[in-house]
$ cat query32.csv   # CSV, C-alpha atoms
chain,number,residue,atom,x,y,z
A,230,MET,CA,-4.4,-7.1,-39.3
A,231,SER,CA,-6.8,-8.6,-36.8
A,232,ASP,CA,-5.7,-10.7,-33.9
A,233,PRO,CA,-6.9,-14.3,-34.6
A,234,LEU,CA,-7.4,-14.9,-30.8
A,235,THR,CA,-9.7,-11.8,-30.5
A,236,PRO,CA,-11.2,-11.2,-34.0
A,237,TYR,CA,-14.0,-9.0,-32.6
A,238,GLY,CA,-11.8,-6.9,-30.4
A,239,ASN,CA,-13.0,-8.4,-27.1
A,240,LYS,CA,-9.5,-8.9,-25.5
A,241,PRO,CA,-9.1,-11.4,-22.7
A,242,MET,CA,-8.8,-10.1,-19.1
A,243,VAL,CA,-5.5,-11.9,-18.7
A,244,THR,CA,-2.6,-12.2,-21.0
A,245,PRO,CA,-2.7,-15.5,-22.9
A,246,ILE,CA,-0.1,-18.1,-22.1
A,247,VAL,CA,1.9,-18.4,-25.3
A,248,ASN,CA,3.9,-21.6,-25.1
A,249,ALA,CA,5.3,-21.3,-28.6
A,250,VAL,CA,9.0,-22.0,-29.1
A,251,ASN,CA,9.1,-20.5,-32.5
A,252,TYR,CA,7.0,-18.3,-34.8
A,253,HIS,CA,5.9,-18.2,-38.4
A,254,TYR,CA,7.0,-15.2,-40.4
A,255,SER,CA,4.4,-13.6,-42.7
A,256,SER,CA,7.3,-12.2,-44.9
A,257,PHE,CA,11.0,-11.6,-44.9
A,258,GLU,CA,10.4,-7.9,-44.3
A,259,VAL,CA,8.6,-8.7,-41.0
A,260,LEU,CA,11.5,-11.0,-40.1
A,261,ARG,CA,13.9,-8.1,-40.8
A,262,GLN,CA,11.8,-5.6,-38.7
A,263,ILE,CA,11.7,-8.0,-35.8
A,264,THR,CA,15.5,-8.8,-35.8
A,265,ASP,CA,16.3,-5.1,-36.3
A,266,GLY,CA,14.2,-4.2,-33.3
A,267,GLU,CA,11.8,-2.0,-35.3
A,268,ILE,CA,8.7,-3.9,-34.1
A,269,ASP,CA,7.9,-5.8,-31.0
A,270,GLY,CA,7.8,-9.2,-32.6
A,271,TYR,CA,8.9,-12.7,-31.7
A,272,THR,CA,11.2,-15.3,-33.3
A,273,TYR,CA,12.3,-17.9,-30.7
A,274,HIS,CA,11.5,-18.3,-27.0
A,275,ARG,CA,15.0,-17.9,-25.9
A,276,ASP,CA,14.9,-14.4,-27.4
A,277,ASP,CA,11.5,-13.3,-26.1
A,278,ASN,CA,8.0,-14.4,-25.2
A,279,PRO,CA,4.8,-12.3,-25.5
A,280,THR,CA,3.4,-13.5,-22.1
A,281,VAL,CA,6.7,-12.7,-20.4
A,282,ARG,CA,7.1,-9.4,-22.2
A,283,ALA,CA,3.7,-8.2,-20.9
A,284,VAL,CA,4.8,-8.8,-17.3
A,285,GLU,CA,8.1,-7.1,-17.9
A,286,LYS,CA,6.3,-3.9,-18.8
A,287,LYS,CA,4.2,-4.1,-15.7
A,288,ILE,CA,7.2,-4.5,-13.4
A,289,ALA,CA,9.0,-1.7,-15.2
A,290,ALA,CA,6.0,0.5,-14.4
A,291,LEU,CA,6.1,-0.5,-10.7
A,292,GLU,CA,9.8,0.5,-10.5
A,293,GLU,CA,9.3,3.6,-12.6
A,294,ALA,CA,11.9,2.2,-15.0
A,295,GLU,CA,12.1,2.5,-18.8
A,296,ASP,CA,12.1,-1.3,-19.2
A,297,CYS,CA,12.5,-4.6,-17.3
A,298,ILE,CA,13.9,-8.0,-18.2
A,299,ILE,CA,12.7,-11.1,-16.6
A,300,CYS,CA,14.6,-14.4,-16.2
A,301,THR,CA,14.4,-17.7,-14.5
A,302,SER,CA,15.3,-16.8,-10.9
A,303,GLY,CA,16.5,-14.0,-8.6
A,304,MET,CA,20.1,-15.4,-8.6
A,305,ALA,CA,19.9,-15.7,-12.4
A,306,ALA,CA,19.1,-12.0,-12.5
A,307,CYS,CA,22.0,-11.1,-10.2
A,308,THR,CA,24.4,-13.3,-12.2
A,309,MET,CA,23.2,-11.8,-15.5
A,310,VAL,CA,24.1,-8.3,-14.1
A,311,TYR,CA,27.6,-9.5,-13.0
A,312,LEU,CA,28.3,-11.2,-16.4
A,313,THR,CA,27.0,-8.2,-18.4
A,314,TYR,CA,29.0,-5.5,-16.7
A,315,LEU,CA,32.1,-7.0,-15.1
A,316,SER,CA,35.3,-8.2,-16.8
A,317,ALA,CA,38.7,-9.5,-15.6
A,318,GLY,CA,40.5,-6.9,-13.6
A,319,ASP,CA,37.4,-5.1,-12.5
A,320,HIS,CA,36.6,-4.4,-8.8
A,321,LEU,CA,33.2,-5.3,-7.3
A,322,ILE,CA,32.0,-4.2,-3.9
A,323,LEU,CA,29.5,-6.6,-2.2
A,324,PHE,CA,28.0,-6.6,1.3
A,325,TYR,CA,27.9,-9.6,3.5
A,326,ASP,CA,24.3,-8.6,4.1
A,327,ILE,CA,22.9,-10.1,0.9
A,328,TYR,CA,21.4,-13.4,0.0
A,329,GLY,CA,24.0,-16.1,0.8
A,330,ALA,CA,24.0,-17.6,-2.7
A,331,HIS,CA,26.0,-14.5,-3.8
A,332,TYR,CA,28.9,-16.1,-2.0
A,333,LYS,CA,28.8,-19.1,-4.5
A,334,VAL,CA,28.7,-16.7,-7.4
A,335,SER,CA,31.6,-14.7,-6.0
A,336,LEU,CA,33.8,-17.8,-6.1
A,337,ILE,CA,33.0,-18.1,-9.8
A,338,LEU,CA,33.6,-14.3,-10.4
A,339,GLU,CA,37.0,-14.5,-8.7
A,340,ARG,CA,38.0,-17.4,-10.9
A,341,LEU,CA,37.2,-15.1,-13.9
A,342,GLY,CA,39.6,-12.5,-12.5
A,343,ILE,CA,37.2,-10.1,-10.8
A,344,ASP,CA,38.5,-8.5,-7.5
A,345,ILE,CA,35.8,-8.5,-4.8
A,346,THR,CA,35.6,-6.5,-1.5
A,347,TRP,CA,33.0,-7.6,1.1
A,348,LEU,CA,31.7,-5.0,3.5
A,349,ASP,CA,29.3,-5.0,6.4
A,350,ALA,CA,26.2,-2.9,5.7
A,351,ARG,CA,26.8,-1.3,9.1
A,352,GLU,CA,29.9,0.2,7.5
A,353,GLY,CA,28.2,1.4,4.4
A,354,HIS,CA,29.0,5.0,5.3
A,355,LYS,CA,32.7,4.2,5.1
A,356,ILE,CA,32.5,2.8,1.5
A,357,ALA,CA,34.7,5.6,0.2
A,358,GLU,CA,37.6,3.9,2.0
A,359,HIS,CA,37.2,0.8,-0.2
A,360,ILE,CA,36.4,2.3,-3.6
A,361,LYS,CA,39.3,1.8,-6.1
A,362,VAL,CA,39.9,3.3,-9.5
A,363,ASN,CA,38.9,0.0,-11.1
A,364,THR,CA,35.6,-0.3,-9.0
A,365,LYS,CA,33.0,-1.0,-11.7
A,366,MET,CA,30.0,-2.0,-9.5
A,367,ILE,CA,28.5,-1.6,-6.0
A,368,PHE,CA,25.9,-4.2,-5.3
A,369,CYS,CA,23.7,-4.1,-2.2
A,370,GLU,CA,20.4,-5.0,-0.7
A,371,SER,CA,18.4,-2.5,1.4
A,372,PRO,CA,16.8,-3.6,3.7
A,373,SER,CA,19.3,-6.4,3.8
A,374,ASN,CA,18.9,-10.2,4.0
A,375,PRO,CA,18.4,-11.3,6.7
A,376,LEU,CA,19.1,-8.6,9.3
A,377,CYS,CA,17.1,-5.8,7.6
A,378,LYS,CA,20.0,-3.3,7.7
A,379,VAL,CA,19.4,-0.1,5.7
A,380,LEU,CA,21.9,1.4,3.3
A,381,ASP,CA,21.7,5.0,2.2
A,382,ILE,CA,21.2,4.6,-1.5
A,383,ALA,CA,21.7,8.2,-2.4
A,384,ALA,CA,25.0,8.3,-0.5
A,385,LEU,CA,26.2,5.2,-2.3
A,386,ARG,CA,25.3,6.9,-5.6
A,387,LYS,CA,27.6,9.8,-4.7
A,388,GLU,CA,30.5,7.5,-4.0
A,389,ALA,CA,29.8,5.4,-7.1
A,390,ASP,CA,29.9,8.6,-9.2
A,391,LYS,CA,33.5,9.2,-8.2
A,392,VAL,CA,34.7,6.3,-10.3
A,393,ASN,CA,31.7,6.0,-12.6
A,394,ALA,CA,30.7,2.7,-11.1
A,395,LEU,CA,27.3,1.1,-11.5
A,396,LEU,CA,25.1,1.0,-8.4
A,397,VAL,CA,22.9,-2.1,-8.3
A,398,VAL,CA,20.2,-2.4,-5.6
A,399,ASP,CA,18.3,-5.6,-4.8
A,400,ASN,CA,14.8,-4.4,-3.9
A,401,THR,CA,13.4,-7.8,-3.0
A,402,PHE,CA,12.9,-7.0,0.7
A,403,ALA,CA,11.5,-3.5,0.2
A,404,THR,CA,9.5,-4.2,-3.0
A,405,PRO,CA,8.6,-1.2,-5.3
A,406,TYR,CA,5.6,-0.6,-3.0
A,407,HIS,CA,7.9,0.6,-0.3
A,408,GLN,CA,11.0,1.8,-2.2
A,409,LYS,CA,12.0,3.1,-5.6
A,410,PRO,CA,15.8,2.7,-5.8
A,411,LEU,CA,16.0,4.2,-9.3
A,412,SER,CA,14.7,7.5,-8.0
A,413,LEU,CA,17.3,7.4,-5.2
A,414,GLY,CA,20.2,7.0,-7.7
A,415,ALA,CA,20.5,3.3,-8.5
A,416,ASP,CA,21.3,2.4,-12.1
A,417,ILE,CA,19.7,-1.0,-11.9
A,418,VAL,CA,17.2,-2.7,-9.6
A,419,VAL,CA,17.0,-6.5,-9.3
A,420,HIS,CA,14.3,-8.7,-7.7
A,421,SER,CA,13.7,-12.2,-6.8
A,422,ALA,CA,10.3,-12.1,-8.3
A,423,THR,CA,9.7,-15.4,-6.6
A,424,LYS,CA,9.1,-13.4,-3.4
A,425,GLY,CA,6.8,-10.5,-2.9
A,426,LEU,CA,6.0,-9.8,-6.6
A,427,GLY,CA,4.8,-13.4,-7.2
A,428,GLY,CA,3.7,-13.8,-3.6
A,429,HIS,CA,2.1,-17.3,-3.6
A,430,ASN,CA,5.0,-19.8,-3.3
A,431,ASP,CA,4.3,-21.2,-6.8
A,432,LEU,CA,6.8,-19.6,-9.2
A,433,MET,CA,10.4,-18.8,-9.5
A,434,ALA,CA,11.6,-15.7,-11.5
A,435,GLY,CA,14.0,-12.8,-11.4
A,436,ALA,CA,13.5,-9.3,-12.6
A,437,ILE,CA,16.0,-6.5,-13.6
A,438,ALA,CA,14.7,-3.0,-14.1
A,439,GLY,CA,16.4,0.1,-15.5
A,440,SER,CA,17.0,2.2,-18.6
A,441,LYS,CA,16.3,1.0,-22.1
A,442,SER,CA,20.1,0.9,-22.7
A,443,HIS,CA,20.5,-1.5,-19.7
A,444,TYR,CA,17.6,-3.6,-21.0
A,445,ASP,CA,19.3,-4.0,-24.4
A,446,LYS,CA,22.6,-5.1,-22.8
A,447,LEU,CA,20.9,-7.5,-20.4
A,448,TRP,CA,18.7,-8.9,-23.1
A,449,PHE,CA,21.9,-9.8,-25.0
A,450,THR,CA,23.1,-11.8,-22.0
A,451,ARG,CA,19.8,-13.5,-21.4
A,452,GLN,CA,19.5,-14.5,-25.1
A,453,ALA,CA,23.1,-15.8,-25.1
A,454,ILE,CA,22.9,-17.9,-22.0
A,455,GLY,CA,19.2,-18.9,-22.2
A,456,THR,CA,17.7,-17.7,-19.0
A,457,THR,CA,14.3,-16.6,-20.4
A,458,LEU,CA,11.4,-17.4,-18.2
A,459,ASP,CA,8.7,-19.9,-19.3
A,460,ALA,CA,5.3,-18.5,-20.3
A,461,TYR,CA,3.4,-20.3,-17.6
A,462,SER,CA,5.6,-18.8,-14.8
A,463,GLY,CA,5.2,-15.5,-16.5
A,464,SER,CA,1.4,-15.8,-16.3
A,465,LEU,CA,1.6,-16.8,-12.6
A,466,LEU,CA,3.8,-13.7,-12.0
A,467,GLU,CA,1.3,-11.5,-13.8
A,468,ARG,CA,-1.5,-12.9,-11.6
A,469,GLY,CA,0.6,-12.2,-8.5
A,470,LEU,CA,1.1,-8.6,-9.5
A,471,LYS,CA,-2.6,-8.0,-9.5
A,472,THR,CA,-2.7,-8.2,-5.7
A,473,PHE,CA,0.8,-7.1,-5.1
A,474,GLU,CA,0.1,-3.7,-3.5
A,475,LEU,CA,-2.7,-5.1,-1.3
A,476,ARG,CA,-0.4,-7.9,-0.1
A,477,ALA,CA,2.5,-5.5,0.5
A,478,GLU,CA,0.4,-3.2,2.5
A,479,LYS,CA,-0.9,-6.0,4.7
A,480,MET,CA,2.5,-7.7,5.2
A,481,SER,CA,4.1,-4.4,6.2
A,482,ALA,CA,1.4,-3.7,8.7
A,483,ASN,CA,1.7,-7.2,10.2
A,484,ALA,CA,5.5,-7.0,10.3
A,485,MET,CA,5.3,-3.7,12.2
A,486,THR,CA,2.9,-5.2,14.8
A,487,ILE,CA,5.1,-8.3,15.1
A,488,ALA,CA,8.2,-6.3,15.6
A,489,GLU,CA,6.6,-4.1,18.3
A,490,TYR,CA,5.4,-7.2,20.1
A,491,LEU,CA,8.7,-9.1,20.0
A,492,ALA,CA,10.7,-6.0,21.0
A,493,GLY,CA,9.0,-6.1,24.4
A,494,HIS,CA,9.3,-9.9,24.9
A,495,PRO,CA,11.8,-11.1,27.6
A,496,LYS,CA,12.7,-14.3,25.6
A,497,VAL,CA,13.5,-12.3,22.4
A,498,SER,CA,16.5,-9.9,21.8
A,499,GLN,CA,18.0,-7.9,19.0
A,500,VAL,CA,14.8,-7.3,17.0
A,501,ARG,CA,15.8,-5.9,13.6
A,502,TYR,CA,13.1,-4.1,11.7
A,503,PRO,CA,13.6,-0.6,10.1
A,504,GLY,CA,10.2,0.4,11.2
A,505,LEU,CA,11.1,0.4,14.9
A,506,LYS,CA,12.3,3.8,16.0
A,507,THR,CA,15.1,2.1,18.0
A,508,ASP,CA,16.4,0.4,14.9
A,509,PRO,CA,19.8,1.7,13.6
A,510,GLY,CA,18.3,2.0,10.1
A,511,TYR,CA,15.1,3.8,11.1
A,512,SER,CA,16.3,7.4,10.2
A,513,ILE,CA,17.5,6.5,6.7
A,514,ALA,CA,14.6,4.1,6.0
A,515,SER,CA,12.2,6.9,7.0
A,516,LYS,CA,13.7,9.0,4.2
A,517,GLN,CA,14.0,6.5,1.4
A,518,MET,CA,11.1,4.1,2.1
A,519,GLN,CA,7.3,4.8,1.8
A,520,ASN,CA,4.1,3.2,2.8
A,521,GLY,CA,5.7,1.3,5.6
A,522,PHE,CA,9.0,-0.7,6.0
A,523,GLY,CA,8.4,-4.1,4.4
A,524,GLY,CA,7.2,-7.4,5.6
A,525,VAL,CA,10.4,-9.0,6.9
A,526,LEU,CA,12.1,-8.8,10.2
A,527,ALA,CA,14.8,-10.7,12.2
A,528,PHE,CA,15.2,-11.4,15.9
A,529,ASP,CA,17.2,-13.6,18.3
A,530,VAL,CA,15.3,-16.2,20.3
A,531,GLY,CA,16.6,-17.4,23.7
A,532,ARG,CA,20.2,-18.0,24.3
A,533,ASN,CA,21.2,-20.5,21.6
A,534,GLN,CA,20.1,-22.3,18.4
A,535,GLU,CA,18.4,-25.0,20.3
A,536,ASP,CA,16.1,-22.3,21.8
A,537,ALA,CA,15.4,-21.0,18.3
A,538,LYS,CA,14.6,-24.5,17.0
A,539,LYS,CA,12.3,-25.2,20.0
A,540,PHE,CA,10.4,-21.9,19.3
A,541,ILE,CA,10.0,-22.7,15.6
A,542,SER,CA,8.9,-26.3,16.3
A,543,GLU,CA,6.1,-25.0,18.5
A,544,LEU,CA,4.6,-22.6,15.9
A,545,LYS,CA,1.1,-23.7,14.7
A,546,VAL,CA,0.2,-21.1,12.1
A,547,THR,CA,3.6,-19.7,10.9
A,548,TYR,CA,5.3,-22.1,8.5
A,549,HIS,CA,8.9,-23.2,8.9
A,550,ALA,CA,10.1,-22.7,5.3
A,551,VAL,CA,12.7,-20.7,3.3
A,552,SER,CA,11.7,-17.8,1.0
A,553,LEU,CA,9.7,-14.8,1.9
A,554,GLY,CA,7.0,-12.4,0.6
A,555,ALA,CA,4.3,-15.0,0.5
A,556,THR,CA,0.7,-14.9,1.6
A,557,GLU,CA,1.6,-17.2,4.5
A,558,SER,CA,3.9,-16.1,7.3
A,559,LEU,CA,7.2,-17.9,7.0
A,560,VAL,CA,10.0,-18.4,9.5
A,561,CYS,CA,13.5,-19.9,9.3
A,562,ILE,CA,16.9,-19.8,11.0
A,563,PRO,CA,19.3,-18.1,8.4
A,564,HIS,CA,22.3,-19.8,9.9
A,565,LEU,CA,20.9,-23.1,8.8
A,566,THR,CA,19.2,-22.1,5.5
A,567,THR,CA,19.8,-18.9,3.5
A,568,LEU,CA,23.4,-18.5,4.7
A,569,LEU,CA,24.3,-22.2,4.4
A,570,TYR,CA,26.3,-21.3,1.3
A,571,MET,CA,28.8,-19.4,3.5
A,572,PRO,CA,31.4,-20.8,5.8
A,573,PRO,CA,30.3,-20.6,9.5
A,574,GLU,CA,32.6,-17.7,10.3
A,575,ARG,CA,31.2,-15.6,7.5
A,576,ARG,CA,27.6,-16.3,8.7
A,577,THR,CA,28.3,-14.6,12.0
A,578,VAL,CA,30.8,-11.8,11.1
A,579,PHE,CA,28.1,-9.3,10.2
A,580,GLY,CA,25.7,-10.0,13.0
A,581,VAL,CA,23.8,-13.1,12.3
A,582,SER,CA,23.7,-15.4,15.4
A,583,PRO,CA,23.0,-19.2,15.4
A,584,ASN,CA,19.7,-18.3,17.1
A,585,THR,CA,18.7,-15.5,14.8
A,586,VAL,CA,15.3,-16.1,13.3
A,587,ARG,CA,14.0,-14.4,10.1
A,588,LEU,CA,10.2,-13.9,9.8
A,589,SER,CA,8.3,-13.0,6.7
A,590,ALA,CA,4.9,-11.7,7.6
A,591,GLY,CA,2.0,-13.0,5.6
A,592,ILE,CA,-1.5,-11.6,5.1
A,593,GLU,CA,-3.2,-13.4,8.0
A,594,LYS,CA,-5.0,-11.4,10.7
A,595,LYS,CA,-2.4,-9.9,12.9
A,596,GLU,CA,-4.1,-11.3,16.0
A,597,ILE,CA,-3.6,-14.8,14.7
A,598,ILE,CA,0.1,-14.4,14.1
A,599,ILE,CA,0.7,-12.8,17.5
A,600,GLU,CA,-1.2,-15.5,19.3
A,601,ASP,CA,0.9,-18.1,17.5
A,602,LEU,CA,4.2,-16.4,18.4
A,603,GLU,CA,3.1,-16.0,22.0
A,604,GLN,CA,2.1,-19.6,22.6
A,605,ALA,CA,5.4,-20.8,21.0
A,606,LEU,CA,7.4,-18.4,23.2
A,607,ASP,CA,5.4,-19.4,26.3
A,608,LYS,CA,6.5,-23.0,25.8
A,609,LEU,CA,10.2,-22.1,25.6
A,610,GLU,CA,12.2,-22.7,28.7
A,611,ILE,CA,15.4,-20.7,28.6
A,612,LYS,CA,18.2,-22.7,30.0
A,613,PRO,CA,21.5,-21.0,31.1
A,614,GLU,CA,24.5,-21.4,28.9
A,615,PRO,CA,26.9,-24.1,30.0
A,616,LYS,CA,30.0,-22.7,31.7
A,617,THR,CA,32.4,-25.0,29.7
A,618,GLY,CA,33.8,-23.9,26.4
A,619,ILE,CA,33.6,-25.6,23.1
A,620,ASP,CA,34.8,-29.2,23.2
A,621,VAL,CA,37.5,-29.0,20.6
A,622,ALA,CA,37.7,-32.8,20.4
A,623,LYS,CA,34.1,-32.9,19.1
A,624,LYS,CA,34.7,-30.3,16.3
A,625,GLY,CA,34.9,-31.7,12.8
A,626,PRO,CA,37.7,-31.1,10.3
A,627,GLU,CA,38.1,-27.4,9.4
A,628,LYS,CA,36.8,-26.6,6.0
A,629,ARG,CA,37.9,-23.9,3.5
A,630,GLY,CA,35.5,-21.4,2.2
A,631,GLY,CA,35.2,-23.1,-1.2
A,632,ASP,CA,34.1,-26.3,0.4
A,633,TYR,CA,30.8,-24.7,1.2
A,634,ALA,CA,30.0,-24.1,-2.5
A,635,ASP,CA,28.4,-27.5,-2.6
A,636,ALA,CA,25.9,-26.6,0.1
A,637,ARG,CA,22.3,-27.1,-1.0
A,638,ILE,CA,19.2,-25.2,0.2
$ encode --input "query32.csv" --output "structure tokens"
Amino acid sequence: MSDPLTPYGNKPMVTPIVNAVNYHYSSFEVLRQITDGEIDGYTYHRDDNPTVRAVEKKIAALEEAEDCIICTSGMAACTMVYLTYLSAGDHLILFYDIYGAHYKVSLILERLGIDITWLDAREGHKIAEHIKVNTKMIFCESPSNPLCKVLDIAALRKEADKVNALLVVDNTFATPYHQKPLSLGADIVVHSATKGLGGHNDLMAGAIAGSKSHYDKLWFTRQAIGTTLDAYSGSLLERGLKTFELRAEKMSANAMTIAEYLAGHPKVSQVRYPGLKTDPGYSIASKQMQNGFGGVLAFDVGRNQEDAKKFISELKVTYHAVSLGATESLVCIPHLTTLLYMPPERRTVFGVSPNTVRLSAGIEKKEIIIEDLEQALDKLEIKPEPKTGIDVAKKGPEKRGGDYADARI
């Protein structure tokens, strides 16, 4: 049967955007074959979409996975994983060093009866002390958000095997250009495809890659809760993937140059980037990453948050914005943005300071980025810290952790 869109066999260079919600069946037998999974057909958008399905196969290839499922956002992807594999009474190990919105999701999971242990990624080698007989999942990012800490994925795999737990790795910072978690022992890889895979600040999507068996389980969850990506966003994501490796290579090279520059600057301290030989994660990153170390780094500016704000306000080329992995260089203060979901004490317990800055390198010429950073730092006058302590009278009412669930960013 010929394709009505390409009756002469001249297929389009891009996957058509199929906005159809439902589909006409040529026969009841075709309907049966589709619903039984015998053929790759379509019935209803919440089930599947041909534009989105084409992109899923491309991301699966990048991650060297059997299949991939795409949904509406990175946090939707993470939440789908939790809902698919965790039940009341199960134990989940999370690291503080993951995107702050996981804290909100953790409050929901705890209400559902899931026991959660939070660890610092610096203590990843001690994870055996925290694994329980009911540990069902270890979820981590490597490099982590925002401090780019590196976890030994193969070592986590060995510990997970002791209790037959799933190992889930968020590969958003590394991207499949720099790291293949499945080859290192991960069961499932998740992405905020909004970031490096899309790369242009114009779409929101999440991706989950793994075996066909995991795809089937996660497809059930996506179909049930309705987190299927729209076709237009799927098309934008496919467009982004065409330049993904070129962008990832350039971003990594720029990030390395930026990290080396900042590491020697007197107004900057605690530069965190796994590509620096002085970084605590360098040894492990050198073994499990390839083609560079990613496009994101973190560093502390001046003595306090006002210094960091002043620095960012003076930038001319680098944009003050959340997100990462875009063609433009982006900078933010995690304490005020990506970690806003967490209570203040939990934003700092794993190493993030009020003046920590996260920078996502874009694809600009490295000279342009360095000049921008240099002129902003030159304008920064470091004032000595006041000798007086915190004025308790000026502190607001103390909040409980759950009160931060309403934070928006």
$ atom_distance --input "query32.csv" --atom1 "CA of His443 in chain A" --atom2 "CA of Val284 in chain A"
17.5 Å
$ closest_residue --input "query32.csv" --among "A:Ile487, A:Leu505, A:Lys479, A:Tyr271" --to "Ile599 in chain A" --atoms "all atoms listed in the file"
A:Ile487
$ atom_distance --input "query32.csv" --atom1 "CA of Phe540 in chain A" --atom2 "CA of Ala605 in chain A"
5.4 Å
$ closest_residue --input "query32.csv" --among "A:Glu596, A:Gly342, A:Asn430, A:Gln517" --to "Ala550 in chain A" --atoms "all atoms listed in the file"
A:Asn430
$ closest_residue --input "query32.csv" --among "A:Gly270, A:Pro495, A:Gly414, A:Gly428" --to "Ile611 in chain A" --atoms "only C-alpha atoms"
A:Pro495
$ residues_around --input "query32.csv" --residues "range 293-301 of chain A" --least-positions-apart "4" --cutoff "6 Å" --atoms "all atoms listed in the file" --output "JSON, numbers by chain"
{"A": [285, 289, 434, 435, 436, 437, 438, 439, 440, 441, 456, 457, 458]}
$ residues_around --input "query32.csv" --residues "Leu291 in chain A" --least-positions-apart "4" --cutoff "8 Å" --atoms "all atoms listed in the file" --output "PyMOL selection string"
chain A and resi 287+405-406
$ residues_near_point --input "query32.csv" --point "(7.2, -16.8, 20.1)" --cutoff "12 Å" --atoms "only C-alpha atoms" --output "ChimeraX atom specification"
/A:487-488,490-498,528-531,536-547,560,586,588,598-610
$ atom_distance --input "query32.csv" --atom1 "CA of Leu348 in chain A" --atom2 "CA of Asp381 in chain A"
14.2 Å
$ residues_around --input "query32.csv" --residues "His354 in chain A" --least-positions-apart "5" --cutoff "10 Å" --atoms "all atoms listed in the file" --output "tab-separated table (two decimals) with C-alpha atoms, in the frame of the given file"
chain	number	residue	atom	x	y	z
A	380	LEU	CA	21.90	1.40	3.30
A	381	ASP	CA	21.70	5.00	2.20
A	384	ALA	CA	25.00	8.30	-0.50
A	385	LEU	CA	26.20	5.20	-2.30
A	388	GLU	CA	30.50	7.50	-4.00
$ residues_around --input "query32.csv" --residues "Ile562 in chain A" --least-positions-apart "5" --cutoff "7 Å" --atoms "all atoms listed in the file" --output "PyMOL selection string"
chain A and resi 584-587
$ residues_around --input "query32.csv" --residues "Gly504 in chain A" --least-positions-apart "6" --cutoff "12 Å" --atoms "only C-alpha atoms" --output "CSV table (one decimal) with C-alpha atoms, in the frame of the given file"
chain,number,residue,atom,x,y,z
A,372,PRO,CA,16.8,-3.6,3.7
A,377,CYS,CA,17.1,-5.8,7.6
A,378,LYS,CA,20.0,-3.3,7.7
A,379,VAL,CA,19.4,-0.1,5.7
A,403,ALA,CA,11.5,-3.5,0.2
A,407,HIS,CA,7.9,0.6,-0.3
A,481,SER,CA,4.1,-4.4,6.2
A,482,ALA,CA,1.4,-3.7,8.7
A,483,ASN,CA,1.7,-7.2,10.2
A,484,ALA,CA,5.5,-7.0,10.3
A,485,MET,CA,5.3,-3.7,12.2
A,486,THR,CA,2.9,-5.2,14.8
A,487,ILE,CA,5.1,-8.3,15.1
A,488,ALA,CA,8.2,-6.3,15.6
A,489,GLU,CA,6.6,-4.1,18.3
A,492,ALA,CA,10.7,-6.0,21.0
A,510,GLY,CA,18.3,2.0,10.1
A,511,TYR,CA,15.1,3.8,11.1
A,512,SER,CA,16.3,7.4,10.2
A,513,ILE,CA,17.5,6.5,6.7
A,514,ALA,CA,14.6,4.1,6.0
A,515,SER,CA,12.2,6.9,7.0
A,516,LYS,CA,13.7,9.0,4.2
A,518,MET,CA,11.1,4.1,2.1
A,519,GLN,CA,7.3,4.8,1.8
A,520,ASN,CA,4.1,3.2,2.8
A,521,GLY,CA,5.7,1.3,5.6
A,522,PHE,CA,9.0,-0.7,6.0
A,523,GLY,CA,8.4,-4.1,4.4
A,524,GLY,CA,7.2,-7.4,5.6
A,525,VAL,CA,10.4,-9.0,6.9
A,526,LEU,CA,12.1,-8.8,10.2
$ residues_near_point --input "query32.csv" --point "(10.2, -13.7, -8.6)" --cutoff "7 Å" --atoms "all atoms listed in the file" --output "number ranges by chain"
A: 302-303, 420-424, 426-427, 432-436
$ closest_residue --input "query32.csv" --among "A:Cys307, A:Ala555, A:Ala249, A:Leu447" --to "Phe473 in chain A" --atoms "all atoms listed in the file"
A:Ala555
$ closest_residue --input "query32.csv" --among "A:Ile345, A:Met480, A:Val551, A:Ala453" --to "Leu569 in chain A" --atoms "all atoms listed in the file"
A:Val551
$ closest_residue --input "query32.csv" --among "A:Ile263, A:Val578, A:Met571, A:Leu553" --to "Ala590 in chain A" --atoms "only C-alpha atoms"
A:Leu553
$ axis_aligned_box --input "query32.csv" --around "range 387-399 of chain A" --padding-each-side "4 Å" --output "JSON"
{"center_x": 26.5, "center_y": 2.1, "center_z": -8.3, "size_x": 24.4, "size_y": 23.4, "size_z": 16.6}
